[in-house]
>>> print(open('model_0.tsv').read())   # TSV, C-alpha atoms
chain	number	residue	atom	x	y	z
A	4	VAL	CA	25.45	-109.97	-19.99
A	5	GLN	CA	27.90	-107.87	-17.99
A	6	SER	CA	29.57	-105.02	-19.86
A	7	ARG	CA	33.31	-105.24	-20.49
A	8	THR	CA	33.53	-101.45	-20.76
A	9	TYR	CA	31.31	-100.05	-18.04
A	10	PRO	CA	31.74	-101.59	-14.56
A	11	GLY	CA	28.53	-102.74	-12.92
A	12	VAL	CA	26.46	-102.44	-16.10
A	13	PHE	CA	24.44	-105.32	-17.55
A	14	TRP	CA	22.85	-105.34	-21.01
A	15	ILE	CA	19.48	-107.06	-21.36
A	16	LEU	CA	16.82	-107.48	-24.04
A	17	ASP	CA	13.26	-108.65	-24.65
A	18	ASP	CA	12.41	-111.64	-26.80
A	19	SER	CA	9.85	-112.09	-29.59
A	20	GLY	CA	6.79	-109.88	-29.59
A	21	ASN	CA	8.69	-106.90	-28.19
A	22	GLY	CA	10.52	-103.92	-29.63
A	23	ASP	CA	13.96	-103.69	-31.21
A	24	MET	CA	15.60	-102.38	-28.05
A	25	ILE	CA	18.31	-103.19	-25.53
A	26	TYR	CA	18.46	-101.95	-21.94
A	27	ALA	CA	21.25	-101.08	-19.51
A	28	ILE	CA	20.68	-102.03	-15.86
A	29	ASP	CA	22.73	-102.27	-12.68
A	30	ILE	CA	23.17	-105.22	-10.32
A	31	ASN	CA	19.85	-104.37	-8.65
A	32	GLY	CA	17.88	-104.36	-11.90
A	33	LYS	CA	17.48	-100.58	-12.02
A	34	ALA	CA	18.45	-98.19	-14.83
A	35	ALA	CA	22.24	-98.14	-14.95
A	36	SER	CA	22.60	-94.37	-15.26
A	37	GLY	CA	20.22	-93.54	-12.43
A	38	LYS	CA	18.88	-90.59	-14.43
A	39	LYS	CA	15.66	-92.18	-15.63
A	40	LYS	CA	13.40	-95.16	-15.12
A	41	TYR	CA	14.71	-97.10	-18.12
A	42	ASP	CA	17.98	-96.83	-20.00
A	43	VAL	CA	16.64	-97.90	-23.40
A	44	GLN	CA	18.48	-97.97	-26.70
A	45	LYS	CA	16.46	-98.33	-29.87
A	46	VAL	CA	18.55	-100.44	-32.28
A	47	LYS	CA	18.26	-99.13	-35.83
A	48	GLY	CA	18.60	-101.79	-38.52
A	49	ALA	CA	17.51	-104.67	-36.28
A	50	ASP	CA	14.26	-106.63	-36.26
A	51	ASN	CA	13.22	-108.58	-33.18
A	52	ARG	CA	12.08	-111.79	-34.82
A	53	ASP	CA	13.04	-113.88	-31.78
A	54	TRP	CA	15.89	-112.38	-29.77
A	55	VAL	CA	16.99	-114.94	-27.19
A	56	ASP	CA	20.35	-113.87	-25.75
A	57	ILE	CA	22.83	-111.01	-25.61
A	58	LEU	CA	26.62	-111.15	-25.40
A	59	VAL	CA	29.69	-108.93	-25.67
A	60	ASP	CA	32.86	-109.62	-27.63
A	61	ASP	CA	36.44	-108.39	-27.19
A	62	LYS	CA	36.10	-105.70	-29.88
A	63	GLY	CA	33.63	-103.39	-28.19
A	64	HIS	CA	30.44	-104.92	-29.57
A	65	VAL	CA	27.19	-105.90	-27.96
A	66	ILE	CA	25.85	-108.87	-29.93
A	67	ILE	CA	22.14	-109.68	-30.19
A	68	ALA	CA	21.33	-113.32	-30.89
A	69	ASP	CA	18.25	-113.52	-33.12
A	70	ILE	CA	18.33	-117.32	-33.23
A	71	GLY	CA	15.13	-118.36	-31.46
A	72	ASN	CA	13.66	-121.18	-33.52
A	73	ASN	CA	10.87	-122.92	-31.64
A	74	CYS	CA	9.41	-124.31	-34.85
A	75	GLU	CA	12.87	-125.47	-36.01
A	76	CYS	CA	11.92	-124.05	-39.39
A	77	ARG	CA	13.60	-120.62	-39.60
A	78	ASP	CA	16.03	-119.85	-42.41
A	79	ASP	CA	16.82	-116.31	-41.26
A	80	LEU	CA	18.87	-116.88	-38.09
A	81	LYS	CA	21.33	-114.07	-37.42
A	82	PHE	CA	23.45	-112.07	-35.00
A	83	TYR	CA	23.30	-108.27	-34.86
A	84	PHE	CA	26.53	-106.51	-33.84
A	85	VAL	CA	26.18	-103.02	-32.35
A	86	LYS	CA	28.81	-100.82	-30.74
A	87	GLU	CA	28.73	-100.75	-26.97
A	88	THR	CA	27.88	-97.15	-26.20
A	89	GLU	CA	27.33	-95.21	-23.01
A	90	VAL	CA	24.15	-96.22	-21.25
A	91	ASP	CA	22.51	-92.80	-21.69
A	92	GLU	CA	22.49	-93.09	-25.49
A	93	GLU	CA	18.89	-93.53	-26.64
A	94	LYS	CA	19.71	-94.85	-30.10
A	95	ASN	CA	22.12	-97.40	-31.47
A	96	GLU	CA	22.52	-99.02	-34.84
A	97	VAL	CA	23.63	-102.29	-36.34
A	98	VAL	CA	27.22	-102.16	-37.59
A	99	LYS	CA	27.28	-105.77	-38.77
A	100	GLU	CA	24.61	-108.40	-39.47
A	101	VAL	CA	25.85	-111.99	-39.55
A	102	ARG	CA	23.49	-114.63	-40.94
A	103	VAL	CA	24.02	-118.19	-39.73
A	104	LYS	CA	22.90	-121.77	-40.30
A	105	TYR	CA	23.63	-125.17	-38.79
A	106	PRO	CA	25.67	-127.84	-40.60
A	107	GLN	CA	23.50	-130.27	-42.49
A	108	ALA	CA	23.51	-134.03	-42.04
A	109	GLN	CA	25.42	-135.85	-44.74
A	110	ASN	CA	24.65	-138.72	-47.09
A	111	PHE	CA	21.50	-140.78	-46.56
A	112	THR	CA	21.11	-139.52	-42.98
A	113	ARG	CA	20.00	-136.10	-44.22
A	114	PHE	CA	16.58	-137.50	-45.16
A	115	PHE	CA	15.81	-138.45	-41.57
A	116	MET	CA	17.47	-135.74	-39.47
A	117	ASN	CA	16.20	-132.22	-38.94
A	118	THR	CA	19.30	-130.15	-38.24
A	119	ASN	CA	17.58	-126.78	-38.00
A	120	TYR	CA	18.02	-126.49	-34.24
A	121	ASP	CA	16.37	-124.30	-31.67
A	122	ALA	CA	18.84	-122.43	-29.44
A	123	GLU	CA	18.39	-119.81	-26.75
A	124	ALA	CA	21.90	-119.69	-25.24
A	125	ALA	CA	24.80	-117.78	-26.81
A	126	PHE	CA	28.14	-116.74	-25.35
A	127	PHE	CA	31.58	-115.45	-26.37
A	128	MET	CA	34.57	-117.71	-25.70
A	129	ASN	CA	38.14	-117.81	-27.06
A	130	GLY	CA	37.44	-115.02	-29.51
A	131	LYS	CA	34.35	-116.60	-31.07
A	132	VAL	CA	30.59	-116.72	-30.69
A	133	HIS	CA	29.19	-120.04	-29.45
A	134	VAL	CA	25.64	-121.35	-29.05
A	135	LEU	CA	24.09	-124.24	-27.15
A	136	THR	CA	20.96	-125.93	-28.43
A	137	LYS	CA	17.87	-125.88	-26.27
A	138	HIS	CA	17.12	-129.49	-27.16
A	139	SER	CA	19.64	-131.78	-28.82
A	140	LYS	CA	17.12	-134.45	-29.87
A	141	MET	CA	19.03	-136.67	-27.45
A	142	ALA	CA	17.74	-136.74	-23.89
A	143	GLY	CA	20.04	-135.12	-21.34
A	144	LYS	CA	22.42	-133.48	-23.83
A	145	THR	CA	22.97	-130.16	-25.55
A	146	LYS	CA	24.99	-129.54	-28.70
A	147	LEU	CA	27.71	-126.88	-28.67
A	148	PHE	CA	28.30	-124.98	-31.92
A	149	ARG	CA	31.00	-122.39	-32.72
A	150	LEU	CA	30.83	-119.56	-35.26
A	151	ASP	CA	34.18	-119.54	-37.05
A	152	THR	CA	33.36	-116.87	-39.65
A	153	GLU	CA	31.48	-113.56	-39.52
A	154	LYS	CA	30.95	-112.85	-43.22
A	155	THR	CA	28.29	-110.30	-44.06
A	156	ASP	CA	27.77	-111.24	-47.74
A	157	GLU	CA	26.86	-114.91	-47.24
A	158	ILE	CA	25.39	-117.28	-44.69
A	159	ASN	CA	27.93	-118.53	-42.15
A	160	GLU	CA	27.77	-122.19	-41.12
A	161	PHE	CA	28.28	-123.14	-37.48
A	162	THR	CA	30.92	-125.71	-36.56
A	163	LEU	CA	29.75	-128.53	-34.31
A	164	VAL	CA	32.19	-128.74	-31.39
A	165	GLU	CA	30.80	-131.37	-29.01
A	166	GLU	CA	27.91	-132.42	-26.82
A	167	LEU	CA	27.53	-131.70	-23.12
A	168	LYS	CA	25.44	-133.54	-20.59
A	169	ILE	CA	22.66	-131.26	-19.37
A	170	ASP	CA	19.33	-132.25	-17.82
A	171	GLY	CA	16.59	-129.94	-19.05
A	172	ALA	CA	16.11	-127.35	-21.77
A	173	VAL	CA	19.04	-124.92	-22.05
A	174	THR	CA	17.84	-121.31	-21.87
A	175	GLY	CA	21.01	-119.27	-21.25
A	176	ALA	CA	24.80	-119.38	-20.93
A	177	ASP	CA	27.77	-117.16	-20.12
A	178	VAL	CA	31.55	-117.37	-19.74
A	179	ASN	CA	33.32	-115.51	-16.92
A	180	ARG	CA	35.70	-112.62	-17.57
A	181	ASP	CA	38.93	-114.65	-17.54
A	182	GLY	CA	37.45	-117.43	-19.68
A	183	THR	CA	37.88	-120.23	-17.14
A	184	LYS	CA	34.23	-121.12	-16.43
A	185	LEU	CA	31.11	-121.73	-18.49
A	186	ALA	CA	27.71	-121.34	-16.82
A	187	ILE	CA	24.67	-123.01	-18.38
A	188	LEU	CA	21.09	-122.37	-17.31
A	189	THR	CA	18.03	-124.59	-17.69
A	190	TYR	CA	14.53	-124.07	-16.38
A	191	ASN	CA	15.36	-126.06	-13.25
A	192	SER	CA	19.13	-126.07	-12.77
A	193	VAL	CA	22.44	-124.24	-13.11
A	194	TRP	CA	25.59	-125.97	-14.38
A	195	VAL	CA	29.16	-124.63	-14.32
A	196	TYR	CA	31.94	-126.29	-16.29
A	197	ASP	CA	35.64	-125.48	-16.03
A	198	ILE	CA	37.45	-124.34	-19.18
A	199	SER	CA	41.11	-125.22	-19.75
A	200	ASP	CA	43.54	-124.90	-22.64
A	201	ASN	CA	42.06	-128.15	-23.94
A	202	GLY	CA	38.52	-126.78	-24.00
A	203	ILE	CA	35.54	-127.45	-21.76
A	204	GLU	CA	36.27	-130.05	-19.08
A	205	LYS	CA	33.05	-131.94	-19.69
A	206	ASP	CA	33.63	-134.99	-17.45
A	207	THR	CA	32.84	-133.02	-14.30
A	208	ALA	CA	30.76	-129.98	-13.48
A	209	HIS	CA	29.17	-128.12	-10.60
A	210	LYS	CA	25.38	-128.11	-10.40
A	211	ARG	CA	22.59	-126.52	-8.39
A	212	SER	CA	18.87	-127.25	-8.76
A	213	ILE	CA	16.70	-124.13	-8.67
A	214	GLN	CA	13.03	-123.29	-8.40
A	215	ALA	CA	11.80	-120.32	-10.42
A	216	HIS	CA	9.12	-119.54	-12.97
A	217	GLN	CA	10.78	-118.94	-16.33
A	218	VAL	CA	14.50	-118.29	-16.02
A	219	GLU	CA	16.05	-117.62	-19.43
A	220	SER	CA	19.23	-115.62	-18.83
A	221	ILE	CA	22.39	-115.94	-16.76
A	222	ALA	CA	25.54	-113.85	-16.33
A	223	PHE	CA	28.70	-113.98	-14.26
A	224	TYR	CA	29.30	-111.25	-11.68
A	225	GLY	CA	32.58	-111.97	-9.92
A	226	GLU	CA	32.09	-115.15	-7.87
A	227	GLN	CA	28.33	-114.96	-8.32
A	228	LEU	CA	25.84	-115.78	-11.03
A	229	ILE	CA	22.99	-113.41	-11.86
A	230	ILE	CA	19.85	-115.16	-13.12
A	231	ALA	CA	16.82	-113.39	-14.59
A	232	ASP	CA	13.23	-114.61	-14.66
A	233	GLU	CA	11.42	-113.20	-17.67
A	234	LYS	CA	7.93	-114.09	-16.42
A	235	GLU	CA	8.24	-112.51	-12.98
A	236	GLY	CA	10.74	-109.78	-13.91
A	237	ARG	CA	13.04	-110.78	-11.05
A	238	MET	CA	16.80	-111.19	-10.73
A	239	TYR	CA	18.45	-113.77	-8.49
A	240	LYS	CA	22.00	-114.05	-7.17
A	241	LEU	CA	23.67	-117.44	-6.76
A	242	LYS	CA	27.16	-117.89	-5.33
A	243	LEU	CA	29.46	-120.27	-7.20
A	244	SER	CA	30.30	-121.84	-3.86
A	245	GLU	CA	26.66	-122.97	-3.57
A	246	LEU	CA	26.99	-125.39	-6.48
A	247	ASP	CA	27.84	-129.04	-5.87
A	248	PRO	CA	30.33	-131.14	-7.89
A	249	VAL	CA	28.81	-133.81	-10.15
A	250	LYS	CA	30.18	-136.43	-12.51
A	251	THR	CA	28.92	-136.03	-16.07
A	252	ASN	CA	30.70	-138.83	-17.93
>>> encode(input="model_0.tsv", output="structure tokens")
Amino acid sequence: VQSRTYPGVFWILDDSGNGDMIYAIDINGKAASGKKKYDVQKVKGADNRDWVDILVDDKGHVIIADIGNNCECRDDLKFYFVKETEVDEEKNEVVKEVRVKYPQAQNFTRFFMNTNYDAEAAFFMNGKVHVLTKHSKMAGKTKLFRLDTEKTDEINEFTLVEELKIDGAVTGADVNRDGTKLAILTYNSVWVYDISDNGIEKDTAHKRSIQAHQVESIAFYGEQLIIADEKEGRMYKLKLSELDPVKTN
């Protein structure tokens, strides 16, 4: 995700099986400060169970999404909030831990529906954290959830907002700086939806098919999208003008 405080800086992280650290890089994938090979911040108070995305809010926080749930069985999903510090700082610490859960199915339906979703895409929009499910259990769609509370003394329940048409497993998402576009990444395509005062304009989108190994993160950079491949360790640039309009209704 691109920093809101430090121009040209992007915050990245590793997923499960790696350390409790975040990194600051520039647009070319190198250490943002230029003083050392890696700008690493060890995050005290955080545990990398399955970190899947990173976002920034409008209050000076970098937010780590520990919501990876491949087994759809976790009951310890959470977001770690840390202060966005200068890139040369080698240590950081959690200032707020927000535990979350998905809304449960009601009535008789609850016996047949597993609503413990897997999600790898998180983004900040209209003052709130949002997530998109990797699989919605309905082919060609992803569920959009919003976090309306950030209580630290109880588990916060997501609010289901809507479903969006997406072909493929959703692995990343980001909203541009002025909040007018939502980019969604899958393993084989990029989708961009317009955002208006009425919400996401989900009847139309812009799409581009891509070929890469294991792309799992995306970020806006002006009129470009930056995409990262976690298997190859590569970053790709894609101009918004290279996406084609598609009907999604």
>>> residues_around(input="model_0.tsv", residues="Ala34 in chain A", least_positions_apart="3", cutoff="12 Å", atoms="only C-alpha atoms", output="short mmCIF file (atom, residue, chain, number, x, y, z; two decimals) with C-alpha atoms, keeping the file's coordinate frame")
data_model
loop_
_atom_site.label_atom_id
_atom_site.label_comp_id
_atom_site.auth_asym_id
_atom_site.auth_seq_id
_atom_site.Cartn_x
_atom_site.Cartn_y
_atom_site.Cartn_z
CA GLY A 11 28.53 -102.74 -12.92
CA VAL A 12 26.46 -102.44 -16.10
CA PHE A 13 24.44 -105.32 -17.55
CA TRP A 14 22.85 -105.34 -21.01
CA ILE A 15 19.48 -107.06 -21.36
CA ILE A 25 18.31 -103.19 -25.53
CA TYR A 26 18.46 -101.95 -21.94
CA ALA A 27 21.25 -101.08 -19.51
CA ILE A 28 20.68 -102.03 -15.86
CA ASP A 29 22.73 -102.27 -12.68
CA ILE A 30 23.17 -105.22 -10.32
CA ASN A 31 19.85 -104.37 -8.65
CA GLY A 37 20.22 -93.54 -12.43
CA LYS A 38 18.88 -90.59 -14.43
CA LYS A 39 15.66 -92.18 -15.63
CA LYS A 40 13.40 -95.16 -15.12
CA TYR A 41 14.71 -97.10 -18.12
CA ASP A 42 17.98 -96.83 -20.00
CA VAL A 43 16.64 -97.90 -23.40
CA GLN A 44 18.48 -97.97 -26.70
CA VAL A 90 24.15 -96.22 -21.25
CA ASP A 91 22.51 -92.80 -21.69
#
>>> residues_around(input="model_0.tsv", residues="range 241-251 of chain A", least_positions_apart="6", cutoff="12 Å", atoms="all atoms listed in the file", output="ChimeraX atom specification")
/A:143-144,166-170,179,184-186,188,192-197,204-213,221-231
>>> write_last_selection(input="model_0.tsv", atoms="C-alpha atoms", output="mmCIF file, in the coordinates of the input")
data_model
loop_
_atom_site.group_PDB
_atom_site.id
_atom_site.type_symbol
_atom_site.label_atom_id
_atom_site.label_comp_id
_atom_site.auth_asym_id
_atom_site.auth_seq_id
_atom_site.Cartn_x
_atom_site.Cartn_y
_atom_site.Cartn_z
ATOM 1 C CA GLY A 143 20.040 -135.120 -21.340
ATOM 2 C CA LYS A 144 22.420 -133.480 -23.830
ATOM 3 C CA GLU A 166 27.910 -132.420 -26.820
ATOM 4 C CA LEU A 167 27.530 -131.700 -23.120
ATOM 5 C CA LYS A 168 25.440 -133.540 -20.590
ATOM 6 C CA ILE A 169 22.660 -131.260 -19.370
ATOM 7 C CA ASP A 170 19.330 -132.250 -17.820
ATOM 8 C CA ASN A 179 33.320 -115.510 -16.920
ATOM 9 C CA LYS A 184 34.230 -121.120 -16.430
ATOM 10 C CA LEU A 185 31.110 -121.730 -18.490
ATOM 11 C CA ALA A 186 27.710 -121.340 -16.820
ATOM 12 C CA LEU A 188 21.090 -122.370 -17.310
ATOM 13 C CA SER A 192 19.130 -126.070 -12.770
ATOM 14 C CA VAL A 193 22.440 -124.240 -13.110
ATOM 15 C CA TRP A 194 25.590 -125.970 -14.380
ATOM 16 C CA VAL A 195 29.160 -124.630 -14.320
ATOM 17 C CA TYR A 196 31.940 -126.290 -16.290
ATOM 18 C CA ASP A 197 35.640 -125.480 -16.030
ATOM 19 C CA GLU A 204 36.270 -130.050 -19.080
ATOM 20 C CA LYS A 205 33.050 -131.940 -19.690
ATOM 21 C CA ASP A 206 33.630 -134.990 -17.450
ATOM 22 C CA THR A 207 32.840 -133.020 -14.300
ATOM 23 C CA ALA A 208 30.760 -129.980 -13.480
ATOM 24 C CA HIS A 209 29.170 -128.120 -10.600
ATOM 25 C CA LYS A 210 25.380 -128.110 -10.400
ATOM 26 C CA ARG A 211 22.590 -126.520 -8.390
ATOM 27 C CA SER A 212 18.870 -127.250 -8.760
ATOM 28 C CA ILE A 213 16.700 -124.130 -8.670
ATOM 29 C CA ILE A 221 22.390 -115.940 -16.760
ATOM 30 C CA ALA A 222 25.540 -113.850 -16.330
ATOM 31 C CA PHE A 223 28.700 -113.980 -14.260
ATOM 32 C CA TYR A 224 29.300 -111.250 -11.680
ATOM 33 C CA GLY A 225 32.580 -111.970 -9.920
ATOM 34 C CA GLU A 226 32.090 -115.150 -7.870
ATOM 35 C CA GLN A 227 28.330 -114.960 -8.320
ATOM 36 C CA LEU A 228 25.840 -115.780 -11.030
ATOM 37 C CA ILE A 229 22.990 -113.410 -11.860
ATOM 38 C CA ILE A 230 19.850 -115.160 -13.120
ATOM 39 C CA ALA A 231 16.820 -113.390 -14.590
#
>>> closest_residue(input="model_0.tsv", among="A:Glu75, A:Glu233, A:Asp61, A:Glu219", to="Asn129 in chain A", atoms="only C-alpha atoms")
A:Asp61
>>> residues_around(input="model_0.tsv", residues="Asp18 in chain A", least_positions_apart="5", cutoff="7 Å", atoms="only C-alpha atoms", output="VMD selection string")
chain A and resid 53 to 55
>>> residues_around(input="model_0.tsv", residues="Val65 in chain A", least_positions_apart="2", cutoff="7 Å", atoms="only C-alpha atoms", output="list in words")
Leu58, Val59, Asp60, Gly63, Ile67, Phe84, Val85, Lys86 and Glu87 of chain A
>>> atom_distance(input="model_0.tsv", atom1="CA of Asn51 in chain A", atom2="CA of Asn21 in chain A")
6.9 Å
>>> atom_distance(input="model_0.tsv", atom1="CA of Asp151 in chain A", atom2="CA of Thr8 in chain A")
24.4 Å
>>> residues_around(input="model_0.tsv", residues="Glu96 in chain A", least_positions_apart="5", cutoff="7 Å", atoms="all atoms listed in the file", output="ChimeraX atom specification")
/A:46-48,85
>>> write_last_selection(input="model_0.tsv", atoms="C-alpha atoms", output="CSV table (one decimal), in the frame of the given file")
chain,number,residue,atom,x,y,z
A,46,VAL,CA,18.6,-100.4,-32.3
A,47,LYS,CA,18.3,-99.1,-35.8
A,48,GLY,CA,18.6,-101.8,-38.5
A,85,VAL,CA,26.2,-103.0,-32.4
>>> atom_distance(input="model_0.tsv", atom1="CA of Arg7 in chain A", atom2="CA of Arg180 in chain A")
8.3 Å
>>> residues_near_point(input="model_0.tsv", point="(25.8, -124.7, -37.3)", cutoff="10 Å", atoms="only C-alpha atoms", output="list in words")
Val103, Lys104, Tyr105, Pro106, Gln107, Thr118, Asn119, Tyr120, His133, Val134, Lys146, Leu147, Phe148, Arg149, Leu150, Asp151, Asn159, Glu160, Phe161, Thr162, Leu163 and Val164 of chain A
>>> closest_residue(input="model_0.tsv", among="A:Ala122, A:Met24, A:Asn95, A:Lys45", to="Ala68 in chain A", atoms="all atoms listed in the file")
A:Ala122
>>> axis_aligned_box(input="model_0.tsv", around="range 74-83 of chain A", padding_each_side="4 Å", output="lines of an AutoDock Vina configuration file")
center_x = 16.4
center_y = -116.9
center_z = -38.6
size_x = 22.0
size_y = 25.2
size_z = 15.6
>>> residues_near_point(input="model_0.tsv", point="(41.3, -122.0, -14.0)", cutoff="10 Å", atoms="only C-alpha atoms", output="ChimeraX atom specification")
/A:181-184,197-200
>>> decode(input="model_0.tsv", residues="range 136-166 of chain A", atoms="N, CA and C atoms", output="mmCIF file, in the first residue's frame")
data_model
loop_
_atom_site.group_PDB
_atom_site.id
_atom_site.type_symbol
_atom_site.label_atom_id
_atom_site.label_comp_id
_atom_site.auth_asym_id
_atom_site.auth_seq_id
_atom_site.Cartn_x
_atom_site.Cartn_y
_atom_site.Cartn_z
ATOM 1 N N THR A 136 -13.964 -11.197 0.101
ATOM 2 C CA THR A 136 -13.680 -12.612 0.258
ATOM 3 C C THR A 136 -12.944 -13.153 -0.958
ATOM 4 N N LYS A 137 -12.081 -14.125 -0.705
ATOM 5 C CA LYS A 137 -11.356 -14.759 -1.797
ATOM 6 C C LYS A 137 -12.291 -15.603 -2.644
ATOM 7 N N HIS A 138 -13.156 -16.354 -1.977
ATOM 8 C CA HIS A 138 -14.202 -17.132 -2.638
ATOM 9 C C HIS A 138 -15.518 -16.823 -1.928
ATOM 10 N N SER A 139 -16.580 -16.617 -2.676
ATOM 11 C CA SER A 139 -17.852 -16.272 -2.054
ATOM 12 C C SER A 139 -18.783 -17.455 -1.925
ATOM 13 N N LYS A 140 -18.309 -18.657 -2.343
ATOM 14 C CA LYS A 140 -19.148 -19.845 -2.416
ATOM 15 C C LYS A 140 -20.211 -19.701 -3.493
ATOM 16 N N MET A 141 -20.097 -18.672 -4.301
ATOM 17 C CA MET A 141 -20.938 -18.484 -5.481
ATOM 18 C C MET A 141 -20.009 -18.127 -6.630
ATOM 19 N N ALA A 142 -20.005 -18.926 -7.667
ATOM 20 C CA ALA A 142 -19.050 -18.755 -8.752
ATOM 21 C C ALA A 142 -19.142 -17.358 -9.348
ATOM 22 N N GLY A 143 -17.970 -16.727 -9.540
ATOM 23 C CA GLY A 143 -17.916 -15.440 -10.211
ATOM 24 C C GLY A 143 -18.286 -14.255 -9.351
ATOM 25 N N LYS A 144 -18.316 -14.417 -8.026
ATOM 26 C CA LYS A 144 -18.674 -13.298 -7.154
ATOM 27 C C LYS A 144 -17.775 -13.261 -5.932
ATOM 28 N N THR A 145 -17.639 -12.059 -5.377
ATOM 29 C CA THR A 145 -16.942 -11.871 -4.117
ATOM 30 C C THR A 145 -17.838 -11.065 -3.191
ATOM 31 N N LYS A 146 -17.784 -11.361 -1.907
ATOM 32 C CA LYS A 146 -18.580 -10.629 -0.930
ATOM 33 C C LYS A 146 -17.760 -9.479 -0.347
ATOM 34 N N LEU A 147 -18.382 -8.322 -0.238
ATOM 35 C CA LEU A 147 -17.759 -7.138 0.347
ATOM 36 C C LEU A 147 -18.294 -6.939 1.758
ATOM 37 N N PHE A 148 -17.376 -6.890 2.730
ATOM 38 C CA PHE A 148 -17.732 -6.647 4.126
ATOM 39 C C PHE A 148 -17.080 -5.355 4.606
ATOM 40 N N ARG A 149 -17.754 -4.674 5.541
ATOM 41 C CA ARG A 149 -17.266 -3.418 6.118
ATOM 42 C C ARG A 149 -17.140 -3.574 7.632
ATOM 43 N N LEU A 150 -16.081 -3.001 8.191
ATOM 44 C CA LEU A 150 -15.875 -3.028 9.637
ATOM 45 C C LEU A 150 -16.375 -1.709 10.223
ATOM 46 N N ASP A 151 -17.510 -1.751 10.887
ATOM 47 C CA ASP A 151 -18.134 -0.528 11.396
ATOM 48 C C ASP A 151 -17.669 -0.147 12.798
ATOM 49 N N THR A 152 -17.078 -1.086 13.533
ATOM 50 C CA THR A 152 -16.578 -0.794 14.875
ATOM 51 C C THR A 152 -15.139 -1.274 14.996
ATOM 52 N N GLU A 153 -14.385 -0.663 15.900
ATOM 53 C CA GLU A 153 -12.998 -1.050 16.140
ATOM 54 C C GLU A 153 -12.770 -1.203 17.646
ATOM 55 N N LYS A 154 -13.664 -1.932 18.303
ATOM 56 C CA LYS A 154 -13.556 -2.137 19.742
ATOM 57 C C LYS A 154 -12.395 -3.073 20.052
ATOM 58 N N THR A 155 -11.707 -2.808 21.134
ATOM 59 C CA THR A 155 -10.562 -3.629 21.513
ATOM 60 C C THR A 155 -10.889 -4.625 22.626
ATOM 61 N N ASP A 156 -12.078 -4.511 23.237
ATOM 62 C CA ASP A 156 -12.428 -5.381 24.362
ATOM 63 C C ASP A 156 -13.458 -6.440 23.992
ATOM 64 N N GLU A 157 -13.800 -6.534 22.707
ATOM 65 C CA GLU A 157 -14.726 -7.569 22.248
ATOM 66 C C GLU A 157 -14.516 -7.806 20.757
ATOM 67 N N ILE A 158 -15.112 -8.877 20.247
ATOM 68 C CA ILE A 158 -14.956 -9.202 18.840
ATOM 69 C C ILE A 158 -15.935 -8.373 18.021
ATOM 70 N N ASN A 159 -15.427 -7.721 16.985
ATOM 71 C CA ASN A 159 -16.232 -6.859 16.131
ATOM 72 C C ASN A 159 -16.774 -7.659 14.950
ATOM 73 N N GLU A 160 -18.053 -7.511 14.678
ATOM 74 C CA GLU A 160 -18.675 -8.250 13.575
ATOM 75 C C GLU A 160 -18.711 -7.394 12.315
ATOM 76 N N PHE A 161 -18.244 -7.970 11.205
ATOM 77 C CA PHE A 161 -18.331 -7.295 9.918
ATOM 78 C C PHE A 161 -19.784 -7.064 9.529
ATOM 79 N N THR A 162 -19.992 -6.047 8.693
ATOM 80 C CA THR A 162 -21.290 -5.806 8.068
ATOM 81 C C THR A 162 -21.198 -6.210 6.605
ATOM 82 N N LEU A 163 -22.100 -7.066 6.165
ATOM 83 C CA LEU A 163 -22.144 -7.438 4.754
ATOM 84 C C LEU A 163 -22.713 -6.270 3.961
ATOM 85 N N VAL A 164 -21.961 -5.806 2.950
ATOM 86 C CA VAL A 164 -22.390 -4.660 2.153
ATOM 87 C C VAL A 164 -23.074 -5.107 0.872
ATOM 88 N N GLU A 165 -22.377 -5.923 0.069
ATOM 89 C CA GLU A 165 -22.930 -6.369 -1.206
ATOM 90 C C GLU A 165 -22.017 -7.413 -1.820
ATOM 91 N N GLU A 166 -22.410 -7.886 -2.992
ATOM 92 C CA GLU A 166 -21.574 -8.790 -3.765
ATOM 93 C C GLU A 166 -21.159 -8.106 -5.052
#
